[in-house]
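**Student:** My structure is stored as my_file.cif, with mmCIF, C-alpha atoms.
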data_target
loop_
_atom_site.label_atom_id
_atom_site.label_comp_id
_atom_site.auth_asym_id
_atom_site.auth_seq_id
_atom_site.Cartn_x
_atom_site.Cartn_y
_atom_site.Cartn_z
CA MET A 11 9.62 -37.27 -10.28
CA ALA A 12 8.43 -33.65 -10.45
CA THR A 13 8.82 -31.56 -7.33
CA ALA A 14 5.49 -30.62 -5.78
CA GLU A 15 4.58 -26.95 -5.83
CA PRO A 16 5.08 -25.35 -2.42
CA LYS A 17 2.08 -24.02 -0.53
CA ILE A 18 2.69 -20.26 -0.66
CA ALA A 19 1.26 -17.34 1.34
CA LEU A 20 1.77 -13.69 0.45
CA VAL A 21 1.81 -11.06 3.20
CA CYS A 22 1.80 -7.26 3.15
CA ASP A 23 1.43 -4.50 5.74
CA TRP A 24 -1.88 -3.13 4.38
CA LEU A 25 -3.83 -2.82 1.13
CA THR A 26 -5.56 0.53 1.30
CA THR A 27 -3.91 2.71 -1.38
CA VAL A 28 -2.03 2.44 -4.66
CA GLY A 29 1.76 2.64 -4.42
CA GLY A 30 5.07 0.99 -5.18
CA ALA A 31 4.71 -1.78 -2.59
CA GLU A 32 1.30 -2.64 -4.02
CA LYS A 33 2.81 -2.90 -7.51
CA VAL A 34 5.32 -5.43 -6.20
CA LEU A 35 2.56 -7.41 -4.50
CA LEU A 36 0.45 -7.33 -7.66
CA LYS A 37 3.27 -8.87 -9.68
CA LEU A 38 3.74 -11.58 -7.04
CA HIS A 39 -0.01 -12.24 -7.09
CA GLN A 40 0.16 -12.63 -10.88
CA MET A 41 3.06 -15.04 -10.49
CA TYR A 42 1.37 -17.03 -7.71
CA PRO A 43 -2.40 -16.49 -8.18
CA LYS A 44 -3.36 -19.35 -5.87
CA ALA A 45 -1.49 -17.87 -2.91
CA PRO A 46 -3.77 -16.06 -0.43
CA ILE A 47 -2.77 -12.53 0.57
CA TYR A 48 -2.69 -11.81 4.31
CA THR A 49 -2.82 -8.20 5.41
CA SER A 50 -3.95 -5.99 8.30
CA GLN A 51 -6.47 -3.84 6.40
CA TYR A 52 -7.95 -4.00 2.91
CA SER A 53 -9.91 -1.23 1.17
CA LYS A 54 -11.43 -2.14 -2.19
CA LYS A 55 -12.25 1.52 -2.70
CA GLY A 56 -8.63 2.50 -2.20
CA ILE A 57 -7.19 -0.18 -4.49
CA THR A 58 -8.98 -2.32 -7.09
CA TRP A 59 -6.02 -4.40 -8.27
CA PHE A 60 -6.80 -7.43 -6.10
CA ASP A 61 -10.48 -8.06 -6.83
CA ASP A 62 -9.60 -11.55 -8.10
CA ALA A 63 -7.34 -12.38 -5.14
CA ASP A 64 -8.03 -14.26 -1.92
CA VAL A 65 -7.31 -11.38 0.47
CA ARG A 66 -7.53 -12.33 4.14
CA THR A 67 -7.76 -9.86 7.00
CA GLY A 68 -8.49 -10.08 10.73
CA TRP A 69 -9.77 -7.92 13.52
CA MET A 70 -7.90 -4.82 12.30
CA GLN A 71 -10.18 -4.72 9.26
CA HIS A 72 -12.87 -3.19 11.50
CA LEU A 73 -10.70 -0.14 12.18
CA PRO A 74 -10.87 2.86 9.80
CA SER A 75 -8.25 2.42 7.09
CA SER A 76 -7.79 6.19 6.82
CA MET A 77 -6.31 6.11 10.34
CA ARG A 78 -3.86 3.26 9.67
CA ARG A 79 -0.81 5.36 10.55
CA PHE A 80 -2.17 5.56 14.12
CA PHE A 81 -2.19 1.79 14.42
CA ALA A 82 1.48 0.82 14.12
CA PRO A 83 1.69 -0.78 17.61
CA LEU A 84 -1.58 -2.63 17.02
CA ARG A 85 -0.39 -3.75 13.60
CA ALA A 86 2.86 -5.10 15.07
CA ASN A 87 0.82 -7.12 17.57
CA TYR A 88 -1.52 -8.33 14.81
CA PHE A 89 1.28 -9.73 12.66
CA LYS A 90 3.14 -11.11 15.67
CA HIS A 91 0.16 -13.39 16.31
CA LEU A 92 -0.65 -14.16 12.66
CA ASP A 93 0.16 -17.88 12.39
CA LEU A 94 1.20 -18.95 8.88
CA SER A 95 3.01 -22.10 9.95
CA GLY A 96 0.69 -24.18 7.76
CA TYR A 97 2.45 -22.95 4.62
CA ASP A 98 5.65 -24.13 3.02
CA LEU A 99 6.75 -20.70 1.83
CA ILE A 100 5.88 -17.18 2.98
CA ILE A 101 6.73 -14.15 0.87
CA SER A 102 6.21 -10.87 2.69
CA VAL A 103 6.25 -7.49 0.96
CA THR A 104 6.87 -4.99 3.70
CA GLY A 105 8.33 -1.71 4.86
CA ALA A 106 6.73 -2.00 8.29
CA GLU A 107 5.30 -4.76 10.48
CA ALA A 108 4.35 -7.68 8.18
CA LYS A 109 7.80 -9.28 8.52
CA GLY A 110 6.88 -10.38 12.06
CA VAL A 111 4.43 -13.20 11.20
CA LYS A 112 4.65 -16.61 12.87
CA LYS A 113 6.28 -18.94 10.37
CA GLY A 114 6.76 -22.21 12.22
CA ASN A 115 8.72 -24.51 9.88
CA ALA A 116 7.85 -22.48 6.80
CA THR A 117 10.55 -20.67 4.85
CA HIS A 118 10.03 -16.89 4.98
CA LEU A 119 11.40 -14.68 2.19
CA CYS A 120 11.04 -11.06 3.23
CA TYR A 121 10.95 -8.56 0.36
CA CYS A 122 11.73 -5.54 2.51
CA HIS A 123 11.67 -2.08 0.95
CA VAL A 124 13.42 -0.51 3.89
CA PRO A 125 13.46 -0.76 7.72
CA THR A 126 10.34 0.76 9.26
CA GLN A 127 10.94 4.41 8.49
CA TYR A 128 9.05 6.02 11.36
CA TYR A 129 11.21 4.15 13.89
CA TRP A 130 14.58 4.38 12.20
CA GLN A 131 16.05 6.43 9.35
CA MET A 132 13.18 8.95 9.03
CA TYR A 133 12.31 9.19 12.72
CA ASP A 134 13.46 12.83 12.98
CA ASP A 135 11.37 13.79 9.94
CA TYR A 136 8.27 12.14 11.40
CA ILE A 137 8.80 13.89 14.73
CA LYS A 138 9.14 17.23 12.96
CA ASN A 139 5.96 16.72 10.95
CA PRO A 140 4.00 13.50 11.54
CA GLY A 141 1.50 14.56 8.88
CA PHE A 142 -1.64 14.44 11.03
CA GLY A 143 -2.54 18.13 11.01
CA ILE A 144 -4.08 19.22 14.29
CA LEU A 145 -3.27 15.81 15.78
CA ASN A 146 0.47 16.27 15.21
CA PRO A 147 1.23 17.13 18.88
CA LEU A 148 -0.50 13.93 20.03
CA MET A 149 1.34 11.77 17.47
CA ARG A 150 4.65 13.44 18.24
CA PHE A 151 4.23 12.81 21.96
CA GLY A 152 3.17 9.20 21.46
CA LEU A 153 6.04 8.38 19.12
CA LYS A 154 8.62 9.92 21.47
CA ILE A 155 7.28 7.94 24.43
CA LEU A 156 6.95 4.61 22.60
CA VAL A 157 9.81 4.66 20.13
CA LYS A 158 12.27 2.63 22.25
CA PRO A 159 10.02 -0.40 22.86
CA LEU A 160 8.67 -0.16 19.29
CA ARG A 161 12.19 -0.19 17.89
CA LYS A 162 13.01 -3.22 20.00
CA ALA A 163 9.89 -5.03 18.79
CA ASP A 164 10.65 -4.10 15.18
CA PHE A 165 14.23 -5.33 15.47
CA ASN A 166 13.03 -8.64 16.95
CA ALA A 167 10.51 -9.01 14.13
CA ALA A 168 13.34 -8.52 11.64
CA LEU A 169 15.10 -11.60 13.06
CA LYS A 170 12.25 -13.90 11.99
CA PRO A 171 12.53 -14.10 8.17
CA ASP A 172 14.93 -16.66 6.76
CA LYS A 173 16.15 -14.36 4.02
CA PHE A 174 15.93 -10.68 3.21
CA ILE A 175 15.46 -9.43 -0.33
CA THR A 176 15.47 -5.71 -0.92
CA ILE A 177 15.01 -3.14 -3.65
CA SER A 178 18.24 -1.14 -3.92
CA THR A 179 21.80 -0.68 -2.74
CA TYR A 180 20.60 2.04 -0.37
CA ALA A 181 17.94 -0.21 1.16
CA ALA A 182 20.46 -3.03 1.63
CA HIS A 183 22.70 -0.64 3.58
CA GLN A 184 19.76 0.44 5.75
CA ILE A 185 18.78 -3.16 6.52
CA ARG A 186 22.35 -3.99 7.45
CA HIS A 187 22.64 -0.90 9.64
CA TYR A 188 19.35 -1.13 11.55
CA TYR A 189 18.54 -4.86 11.47
CA THR A 190 22.09 -6.30 11.21
CA ARG A 191 20.80 -8.52 8.40
CA GLU A 192 22.31 -9.08 4.97
CA SER A 193 20.06 -8.95 1.92
CA ILE A 194 20.15 -9.55 -1.80
CA ILE A 195 18.94 -6.91 -4.24
CA ILE A 196 16.08 -7.56 -6.64
CA HIS A 197 14.83 -4.28 -8.04
CA PRO A 198 11.02 -3.81 -8.08
CA PRO A 199 9.15 -4.64 -11.29
CA VAL A 200 8.58 -1.70 -13.63
CA SER A 201 6.27 -1.90 -16.65
CA VAL A 202 9.06 -0.84 -18.98
CA LYS A 203 7.33 -2.08 -22.14
CA SER A 204 4.07 -0.39 -21.21
CA PHE A 205 5.73 3.01 -21.05
CA ALA A 206 7.29 2.54 -24.49
CA ASP A 207 5.19 2.90 -27.64
CA HIS A 208 2.95 -0.18 -27.94
CA LYS A 209 2.66 0.26 -31.71
CA ALA A 210 6.40 -0.01 -32.04
CA GLY A 211 6.31 -3.09 -29.84
CA LYS A 212 3.82 -4.83 -32.12
CA SER A 213 6.14 -4.37 -35.10
CA GLN A 214 8.87 -6.47 -33.52
CA THR A 215 9.18 -10.18 -34.15
CA LYS A 216 8.49 -12.74 -31.43
CA GLU A 217 12.13 -13.80 -31.53
CA HIS A 218 13.30 -10.26 -30.94
CA ASN A 219 10.91 -9.77 -28.05
CA LYS A 220 12.63 -12.58 -26.20
CA SER A 221 15.89 -10.68 -25.90
CA ALA A 222 16.99 -7.55 -24.09
CA LYS A 223 18.44 -6.32 -27.38
CA SER A 224 15.03 -6.38 -29.06
CA GLN A 225 13.45 -4.64 -26.07
CA ALA A 226 15.94 -1.82 -26.54
CA GLU A 227 14.97 -1.64 -30.22
CA VAL A 228 11.31 -1.37 -29.28
CA ILE A 229 12.05 1.45 -26.89
CA HIS A 230 14.34 3.21 -29.38
CA SER A 231 11.64 3.27 -32.05
CA SER A 232 9.16 4.68 -29.55
CA VAL A 233 11.22 7.71 -28.60
CA GLU A 234 13.48 8.55 -31.52
CA ASN A 235 10.78 10.68 -33.18
CA SER A 236 9.78 12.48 -29.99
CA ASP A 237 9.06 16.21 -30.10
CA SER A 238 12.37 18.08 -30.01
CA GLU A 239 10.81 21.39 -29.03
CA THR A 240 11.44 21.16 -25.33
CA ARG A 241 11.32 24.75 -24.18
CA THR A 242 7.57 24.86 -23.62
CA LYS A 243 7.29 21.38 -22.17
CA PRO A 244 6.40 21.09 -18.47
CA TYR A 245 8.38 19.39 -15.77
CA ILE A 246 6.46 16.61 -14.06
CA ILE A 247 6.21 14.92 -10.67
CA THR A 248 4.00 11.90 -9.89
CA SER A 249 3.73 10.43 -6.42
CA ARG A 250 1.61 10.34 -3.30
CA GLN A 251 1.47 13.83 -1.84
CA VAL A 252 2.97 13.53 1.63
CA THR A 253 5.40 15.86 3.37
CA TRP A 254 8.53 13.73 3.07
CA LYS A 255 8.28 13.52 -0.73
CA HIS A 256 8.96 17.28 -0.91
CA HIS A 257 6.61 18.34 -3.68
CA ASN A 258 6.94 21.83 -2.15
CA ILE A 259 10.54 22.03 -3.35
CA ALA A 260 9.46 21.26 -6.91
CA ILE A 261 6.70 23.88 -6.83
CA LYS A 262 8.96 26.60 -5.41
CA ALA A 263 11.73 25.84 -7.89
CA CYS A 264 9.42 25.98 -10.92
CA LEU A 265 7.73 29.17 -9.71
CA THR A 266 11.13 30.80 -9.20
CA LEU A 267 12.37 29.74 -12.65
CA ASN A 268 9.04 30.49 -14.35
CA ARG A 269 8.78 26.89 -15.59
CA PRO A 270 5.54 24.91 -16.00
CA LEU A 271 5.04 21.95 -13.68
CA VAL A 272 2.51 19.09 -13.85
CA ILE A 273 1.75 17.37 -10.53
CA ILE A 274 -0.09 14.03 -10.73
CA GLY A 275 -1.44 12.28 -7.65
CA ASP A 276 -3.15 12.94 -4.36
CA GLY A 277 -2.53 12.66 -0.64
CA PRO A 278 -2.80 14.43 2.71
CA GLU A 279 -0.56 17.30 1.54
CA HIS A 280 -2.67 18.13 -1.51
CA LYS A 281 -4.43 21.16 -0.05
CA ASN A 282 -1.16 22.61 1.22
CA LEU A 283 0.46 22.16 -2.19
CA VAL A 284 -2.46 23.82 -3.96
CA LYS A 285 -2.19 26.70 -1.53
CA LEU A 286 1.56 26.95 -2.17
CA ALA A 287 0.96 27.07 -5.94
CA ASN A 288 -1.26 30.11 -5.28
CA ASN A 289 -3.35 29.68 -8.46
CA SER A 290 -0.29 30.12 -10.66
CA PRO A 291 -0.96 29.08 -14.29
CA LEU A 292 2.47 27.44 -14.20
CA ILE A 293 1.36 24.71 -11.78
CA SER A 294 -1.19 22.11 -12.95
CA PHE A 295 -2.67 19.45 -10.69
CA PHE A 296 -4.11 16.15 -11.93
CA PRO A 297 -5.55 13.22 -9.95
CA THR A 298 -4.00 9.76 -10.00
CA MET A 299 -4.50 8.34 -13.48
CA GLU A 300 -4.30 5.08 -15.38
CA GLN A 301 -1.09 4.02 -17.09
CA PRO A 302 -1.89 5.04 -20.72
CA GLU A 303 -2.74 8.60 -19.73
CA LEU A 304 0.24 8.80 -17.39
CA LYS A 305 2.52 7.62 -20.19
CA ASN A 306 1.27 10.43 -22.44
CA HIS A 307 2.09 13.01 -19.76
CA LEU A 308 5.57 11.56 -19.27
CA LYS A 309 6.32 11.55 -22.99
CA LYS A 310 5.31 15.22 -23.22
CA ALA A 311 7.30 16.25 -20.15
CA ARG A 312 10.67 17.98 -20.21
CA ALA A 313 11.98 16.06 -17.19
CA PHE A 314 10.71 14.19 -14.14
CA LEU A 315 11.45 15.82 -10.77
CA PHE A 316 12.31 13.40 -7.96
CA PRO A 317 13.10 15.39 -4.79
CA SER A 318 12.31 12.70 -2.20
CA LEU A 319 14.60 10.26 -0.43
CA GLU A 320 13.23 6.89 -1.52
CA PRO A 321 14.63 3.38 -1.12
CA PHE A 322 13.96 2.95 -4.85
CA GLY A 323 11.41 4.86 -6.91
CA ILE A 324 9.20 3.09 -9.45
CA ALA A 325 7.71 6.36 -10.76
CA PRO A 326 11.02 7.86 -11.97
CA VAL A 327 11.99 4.57 -13.63
CA GLU A 328 8.63 4.62 -15.44
CA ALA A 329 9.58 8.11 -16.61
CA LEU A 330 12.92 6.84 -17.90
CA ALA A 331 11.15 4.04 -19.78
CA ALA A 332 9.05 6.72 -21.52
CA GLY A 333 12.24 8.53 -22.55
CA CYS A 334 11.80 11.25 -19.92
CA PRO A 335 15.02 12.26 -18.10
CA VAL A 336 14.98 12.50 -14.30
CA ILE A 337 16.29 15.22 -12.00
CA ALA A 338 16.80 13.37 -8.72
CA TYR A 339 17.95 13.88 -5.16
CA GLU A 340 21.35 12.22 -4.90
CA GLN A 341 20.57 9.82 -2.10
CA GLY A 342 18.59 6.63 -1.84
CA GLY A 343 17.47 4.36 -4.63
CA SER A 344 18.03 6.98 -7.32
CA GLU A 345 21.73 6.13 -7.22
CA ASP A 346 20.89 2.72 -8.73
CA PHE A 347 19.14 4.06 -11.84
CA ILE A 348 20.35 7.61 -12.53
CA LYS A 349 23.59 8.17 -14.43
CA ASP A 350 24.36 11.84 -14.07
CA GLY A 351 24.59 13.55 -17.45
CA GLU A 352 23.28 10.50 -19.33
CA ASN A 353 19.66 9.88 -18.30
CA GLY A 354 19.25 12.77 -15.87
CA VAL A 355 21.06 14.84 -13.27
CA PHE A 356 21.45 14.77 -9.49
CA PHE A 357 21.09 17.52 -6.91
CA ALA A 358 22.83 17.35 -3.55
CA LYS A 359 20.39 18.83 -1.03
CA GLN A 360 16.63 18.65 -0.49
CA SER A 361 16.29 22.38 -0.92
CA THR A 362 14.73 24.72 -3.46
CA ARG A 363 18.10 26.29 -4.22
CA SER A 364 19.76 22.95 -4.91
CA LEU A 365 16.92 21.83 -7.20
CA ILE A 366 16.99 25.16 -9.07
CA ASP A 367 20.72 24.72 -9.70
CA ALA A 368 20.10 21.17 -10.97
CA ILE A 369 17.33 22.31 -13.33
CA LYS A 370 19.62 24.99 -14.75
CA ARG A 371 22.40 22.44 -15.25
CA PHE A 372 19.96 20.02 -16.87
CA GLU A 373 18.73 22.67 -19.30
CA LYS A 374 22.29 23.34 -20.45
CA LEU A 375 22.85 19.70 -21.38
CA GLU A 376 19.36 18.42 -22.27
CA GLU A 377 19.87 18.75 -26.02
CA ARG A 378 22.74 16.28 -25.76
CA LEU A 379 20.62 13.66 -23.99
CA ASP A 380 19.51 10.75 -26.16
CA LYS A 381 15.89 9.84 -25.40
CA ALA A 382 16.31 6.32 -26.75
CA LYS A 383 19.30 5.73 -24.45
CA ILE A 384 17.32 7.20 -21.55
CA ALA A 385 14.53 4.73 -22.20
CA THR A 386 16.95 1.82 -22.60
CA SER A 387 18.46 2.61 -19.17
CA ALA A 388 15.17 1.40 -17.62
CA LEU A 389 15.49 -2.12 -19.07
CA PRO A 390 17.32 -3.69 -16.08
CA PHE A 391 14.29 -2.88 -13.92
CA SER A 392 11.73 -4.70 -16.07
CA GLU A 393 9.00 -7.01 -14.81
CA GLU A 394 10.68 -9.87 -16.67
CA ASN A 395 13.92 -9.44 -14.75
CA PHE A 396 12.04 -9.21 -11.44
CA GLU A 397 10.06 -12.38 -12.15
CA LYS A 398 13.16 -14.31 -13.18
CA ALA A 399 15.04 -13.29 -10.03
CA ILE A 400 12.13 -14.04 -7.68
CA LYS A 401 11.53 -17.46 -9.22
CA LYS A 402 15.19 -18.26 -8.67
CA GLU A 403 14.88 -17.40 -4.97
CA VAL A 404 11.66 -19.41 -4.64
CA LYS A 405 13.35 -22.37 -6.30
CA ASN A 406 16.28 -22.13 -3.91
CA ALA A 407 13.89 -21.87 -0.95
CA GLN A 408 11.95 -24.88 -2.20
CA LYS A 409 15.11 -26.98 -2.02
CA SER A 410 15.28 -26.32 1.71
CA ILE A 411 11.62 -27.17 2.37
#
For this file, produce the structure as structure tokens.
**Tutor:**
Amino acid sequence: MATAEPKIALVCDWLTTVGGAEKVLLKLHQMYPKAPIYTSQYSKKGITWFDDADVRTGWMQHLPSSMRRFFAPLRANYFKHLDLSGYDLIISVTGAEAKGVKKGNATHLCYCHVPTQYYWQMYDDYIKNPGFGILNPLMRFGLKILVKPLRKADFNAALKPDKFITISTYAAHQIRHYYTRESIIIHPPVSVKSFADHKAGKSQTKEHNKSAKSQAEVIHSSVENSDSETRTKPYIITSRQVTWKHHNIAIKACLTLNRPLVIIGDGPEHKNLVKLANNSPLISFFPTMEQPELKNHLKKARAFLFPSLEPFGIAPVEALAAGCPVIAYEQGGSEDFIKDGENGVFFAKQSTRSLIDAIKRFEKLEERLDKAKIATSALPFSEENFEKAIKKEVKNAQKSI
């Protein structure tokens, strides 16, 4: 007798912008299209990926989504009282408060990017610059006053899920340290095939496409004829423009070295970054763009700059898949996908000087880097591997239901 499909609910902190967490949720929605998505706030203008989904919000939807970072205590209370006990299985995608839902007898798999950063590992950074402009003093004061009870509430919320899944070795260490919970690692899904040449992909047989070996062949054919004239190519950085991602380091380093830099994306730091670039012809800004156009930029780039401390980093892995080497800060998720001297290089400090030294070292060895091998290094982080691993966890959870 066939086992009945479990009744599944998906949960996330918010759906207001496009980012890595939203890419994970999108893949889960594609895997389980009948599962409703519960969240605190949903902005169809900010993200259009879930137009076909059953997205369910509550009273927080009436608050301005642009001010969501103000609402962390309210959001914790919202999820604390969100009763999902009518489901068999809950899958939360969270780096904040969504892990705290009421689960009753349901099994709760928590796909946690990292413990809530503004309470724990990045608290000092948020206190230094909360990112609210003229409201920074108010936010700084409020966070200092409330951080102890908020940490306690966040820790208690982290006790609720039955199992933690996380995105990298670094994130697993953070979850163990701050939440005293063990977790398994399932790297986020990256559209590896999409960032390789689709024409090359079409030339492969169906049998080959079923194996990792054939995927490597597809990628190899897409990058082996890439332009070898690298000296005039720009460096590139693509991510949401917020203070802790340190775009400023990339700009200063490229201005100092007289190297062109392409910056793709937007965010609250955009005006400050434009001001820092000071109308230099070396620095080019582009808005967030669709995947085909982004792929073209990555394939034309000399290297991807990744100066932020991230629990993983989908954007740099997309760059690798396009055959673009990565120059990364040597902490966080980058340690799971960068092999120094093979598909990129590391730098030790989040400083302009350290990044400059890394760029110089990269330029001395870049001719020895094999673009096909760089692209192949992204294969372990494919959507197919993510889906296979998640389905295994869901199957195991279903046995306990």
**Student:** Determine, counting all atoms listed in the file, which protein, DNA and RNA residues have an atom within 9 Å of an atom of Asp346 of chain A; residues of the same chain fewer than 5 positions away are not included. Present the result as a list in words.
**Tutor:**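 Answer for this query is Ser178, Thr179, Tyr180 and Phe322 of chain A.
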**Student:** Quote the spacing between atom CA of Tyr88 of chain A and atom CA of Met41 of chain A in Å to one decimal place.
**Tutor:** 26.6 Å
**Student:** As a check of understanding, name the residues that the PyMOL selection byres ((chain A and resi 107) around 10) selects in the supplied structure, as number ranges by chain.
**Tutor:** A: 22-24, 50, 82-90, 102-106, 108-111, 125-126, 163-164, 167-168
**Student:** Work out how far atom CA of Val157 of chain A is from atom CA of Val124 of chain A, in Å to one decimal.
**Tutor:**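 These atoms are spaced 17.4 Å apart.
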**Student:** Applied to the shown file, which residues does the PyMOL selection byres ((chain A and resi 326) around 12) return, written as a PyMOL selection string?
**Tutor:** chain A and resi 30+200-202+205+246-249+305+308+313-318+320+322-325+327-339+343-348+353-354+384-385+387-388+391
**Student:** Any chance you could work out the residue set of the PyMOL selection byres ((chain A and resi 282-284) around 10) here, as JSON, numbers by chain?
**Tutor:** {"A": [251, 252, 253, 256, 257, 258, 261, 273, 278, 279, 280, 281, 285, 286, 287, 288, 289, 290, 293, 294, 295]}
**Student:** So that I have them on file, write out the residues from the current selection with C-alpha atoms, as a compact mmCIF listing (two decimals), in the coordinates of the input.
**Tutor:**
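And here is the file that came out, again_36.txt:
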# COMPACT_ATOMS: atom_id res chain seq x y z
CA GLN A 251 1.47 13.83 -1.84
CA VAL A 252 2.97 13.53 1.63
CA THR A 253 5.40 15.86 3.37
CA HIS A 256 8.96 17.28 -0.91
CA HIS A 257 6.61 18.34 -3.68
CA ASN A 258 6.94 21.83 -2.15
CA ILE A 261 6.70 23.88 -6.83
CA ILE A 273 1.75 17.37 -10.53
CA PRO A 278 -2.80 14.43 2.71
CA GLU A 279 -0.56 17.30 1.54
CA HIS A 280 -2.67 18.13 -1.51
CA LYS A 281 -4.43 21.16 -0.05
CA LYS A 285 -2.19 26.70 -1.53
CA LEU A 286 1.56 26.95 -2.17
CA ALA A 287 0.96 27.07 -5.94
CA ASN A 288 -1.26 30.11 -5.28
CA ASN A 289 -3.35 29.68 -8.46
CA SER A 290 -0.29 30.12 -10.66
CA ILE A 293 1.36 24.71 -11.78
CA SER A 294 -1.19 22.11 -12.95
CA PHE A 295 -2.67 19.45 -10.69
**Student:** Of the residues A:Pro147, A:Pro159, A:Gly114, A:Lys402, which is the one nearest to His91 of chain A, using all atoms listed in the file?
**Tutor:**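 Checking each candidate against His91 of chain A, we get A:Gly114 as the closest.
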**Student:** Residues within 12 Å of Gln131 of chain A, please, as a list in words. Count only C-alpha atoms; anything in the same chain fewer than 4 positions from it doesn't count.
**Tutor:**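 So, after excluding close chain neighbours, the residues are Val124, Pro125, Thr126, Gln127, Asp135, Tyr136, Ile137, Arg161, Tyr180, Ala181, His183, Gln184, Ile185, His187, Tyr188, Tyr189, Leu319, Glu320, Pro321 and Gly342 of chain A.
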**Student:** List the neighbours of Gln71 of chain A out to 12 Å using only C-alpha atoms; skip same-chain residues closer than 4 positions along the sequence, and give me the result as a PyMOL selection string.
**Tutor:** chain A and resi 24-26+48-54+65-67+75-78+81+84-85+88
**Student:** Find the distance between atom CA of Ile274 of chain A and atom CA of Ile57 of chain A and write it in Å to one decimal.
**Tutor:**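 Pair atom CA of Ile274 of chain A / atom CA of Ile57 of chain A returns 17.1 Å.
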**Student:** If we draw a sphere of 10 Å around (10.4, 15.6, 10.7), which residues have at least one atom in it when counting all atoms listed in the file? Please report them as a PDB file with C-alpha atoms, keeping the file's coordinate frame.
**Tutor:**
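Saved to selection-v4.pdb:
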ATOM      1  CA  TYR A 128       9.050   6.020  11.360  1.00  0.00           C
ATOM      2  CA  MET A 132      13.180   8.950   9.030  1.00  0.00           C
ATOM      3  CA  TYR A 133      12.310   9.190  12.720  1.00  0.00           C
ATOM      4  CA  ASP A 134      13.460  12.830  12.980  1.00  0.00           C
ATOM      5  CA  ASP A 135      11.370  13.790   9.940  1.00  0.00           C
ATOM      6  CA  TYR A 136       8.270  12.140  11.400  1.00  0.00           C
ATOM      7  CA  ILE A 137       8.800  13.890  14.730  1.00  0.00           C
ATOM      8  CA  LYS A 138       9.140  17.230  12.960  1.00  0.00           C
ATOM      9  CA  ASN A 139       5.960  16.720  10.950  1.00  0.00           C
ATOM     10  CA  PRO A 140       4.000  13.500  11.540  1.00  0.00           C
ATOM     11  CA  GLY A 141       1.500  14.560   8.880  1.00  0.00           C
ATOM     12  CA  ARG A 150       4.650  13.440  18.240  1.00  0.00           C
ATOM     13  CA  THR A 253       5.400  15.860   3.370  1.00  0.00           C
ATOM     14  CA  TRP A 254       8.530  13.730   3.070  1.00  0.00           C
TER      15      TRP A 254
END
**Student:** Give as a compact mmCIF listing (two decimals) with C-alpha atoms, keeping the file's coordinate frame each residue that has an atom at most 9 Å from (5.8, -4.9, -8.6) in the file, counting all atoms listed in the file.
**Tutor:**
# COMPACT_ATOMS: atom_id res chain seq x y z
CA GLY A 30 5.07 0.99 -5.18
CA ALA A 31 4.71 -1.78 -2.59
CA GLU A 32 1.30 -2.64 -4.02
CA LYS A 33 2.81 -2.90 -7.51
CA VAL A 34 5.32 -5.43 -6.20
CA LEU A 35 2.56 -7.41 -4.50
CA LEU A 36 0.45 -7.33 -7.66
CA LYS A 37 3.27 -8.87 -9.68
CA LEU A 38 3.74 -11.58 -7.04
CA PRO A 198 11.02 -3.81 -8.08
CA PRO A 199 9.15 -4.64 -11.29
CA VAL A 200 8.58 -1.70 -13.63
CA SER A 201 6.27 -1.90 -16.65
CA ILE A 324 9.20 3.09 -9.45
CA GLU A 393 9.00 -7.01 -14.81
CA PHE A 396 12.04 -9.21 -11.44
**Student:** Go through A:Asp93, A:Gln341, A:His197, A:Asn306 and flag the residue nearest Ala358 of chain A, using all atoms listed in the file for the distances.
**Tutor:**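 Ranking A:Asp93, A:Gln341, A:His197, A:Asn306 by distance to Ala358 of chain A, first place goes to A:Gln341.
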**Student:** Select, from A:Ser204, A:Ser364, A:Asn268, A:Thr242, the residue with the minimum atom-to-atom distance to Pro302 of chain A, counting all atoms listed in the file.
**Tutor:**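 Closest to Pro302 of chain A, using all atoms listed in the file: A:Ser204.
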**Student:** Measuring between all atoms listed in the file, which one of A:Val21, A:Leu119, A:Val272, A:Ile47 shows the shortest distance to Lys405 of chain A?
**Tutor:**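 Nearest to Lys405 of chain A: A:Leu119.
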**Student:** For Ala45 of chain A, find every residue with an atom within 9 Å (counting all atoms listed in the file), except residues of its own chain fewer than 3 positions away, and show them as a list of chain:residue names.
**Tutor:**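 Near neighbours after the sequence-gap exclusion: A:Lys17, A:Ile18, A:Ala19, A:Leu20, A:His39, A:Tyr42, A:Ala63, A:Asp64.
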**Student:** Please write the residues from the selection above to a file, keeping C-alpha atoms, as an mmCIF file, keeping the file's coordinate frame.
**Tutor:**
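Final output, saved to result.cif:
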data_model
loop_
_atom_site.group_PDB
_atom_site.id
_atom_site.type_symbol
_atom_site.label_atom_id
_atom_site.label_comp_id
_atom_site.auth_asym_id
_atom_site.auth_seq_id
_atom_site.Cartn_x
_atom_site.Cartn_y
_atom_site.Cartn_z
ATOM 1 C CA LYS A 17 2.080 -24.020 -0.530
ATOM 2 C CA ILE A 18 2.690 -20.260 -0.660
ATOM 3 C CA ALA A 19 1.260 -17.340 1.340
ATOM 4 C CA LEU A 20 1.770 -13.690 0.450
ATOM 5 C CA HIS A 39 -0.010 -12.240 -7.090
ATOM 6 C CA TYR A 42 1.370 -17.030 -7.710
ATOM 7 C CA ALA A 63 -7.340 -12.380 -5.140
ATOM 8 C CA ASP A 64 -8.030 -14.260 -1.920
#
**Student:** Go through A:Lys243, A:Ala368, A:Glu15, A:Pro270 and flag the residue nearest Ala311 of chain A, using all atoms listed in the file for the distances.
**Tutor:**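 So, comparing all the options, the nearest one is A:Lys243.
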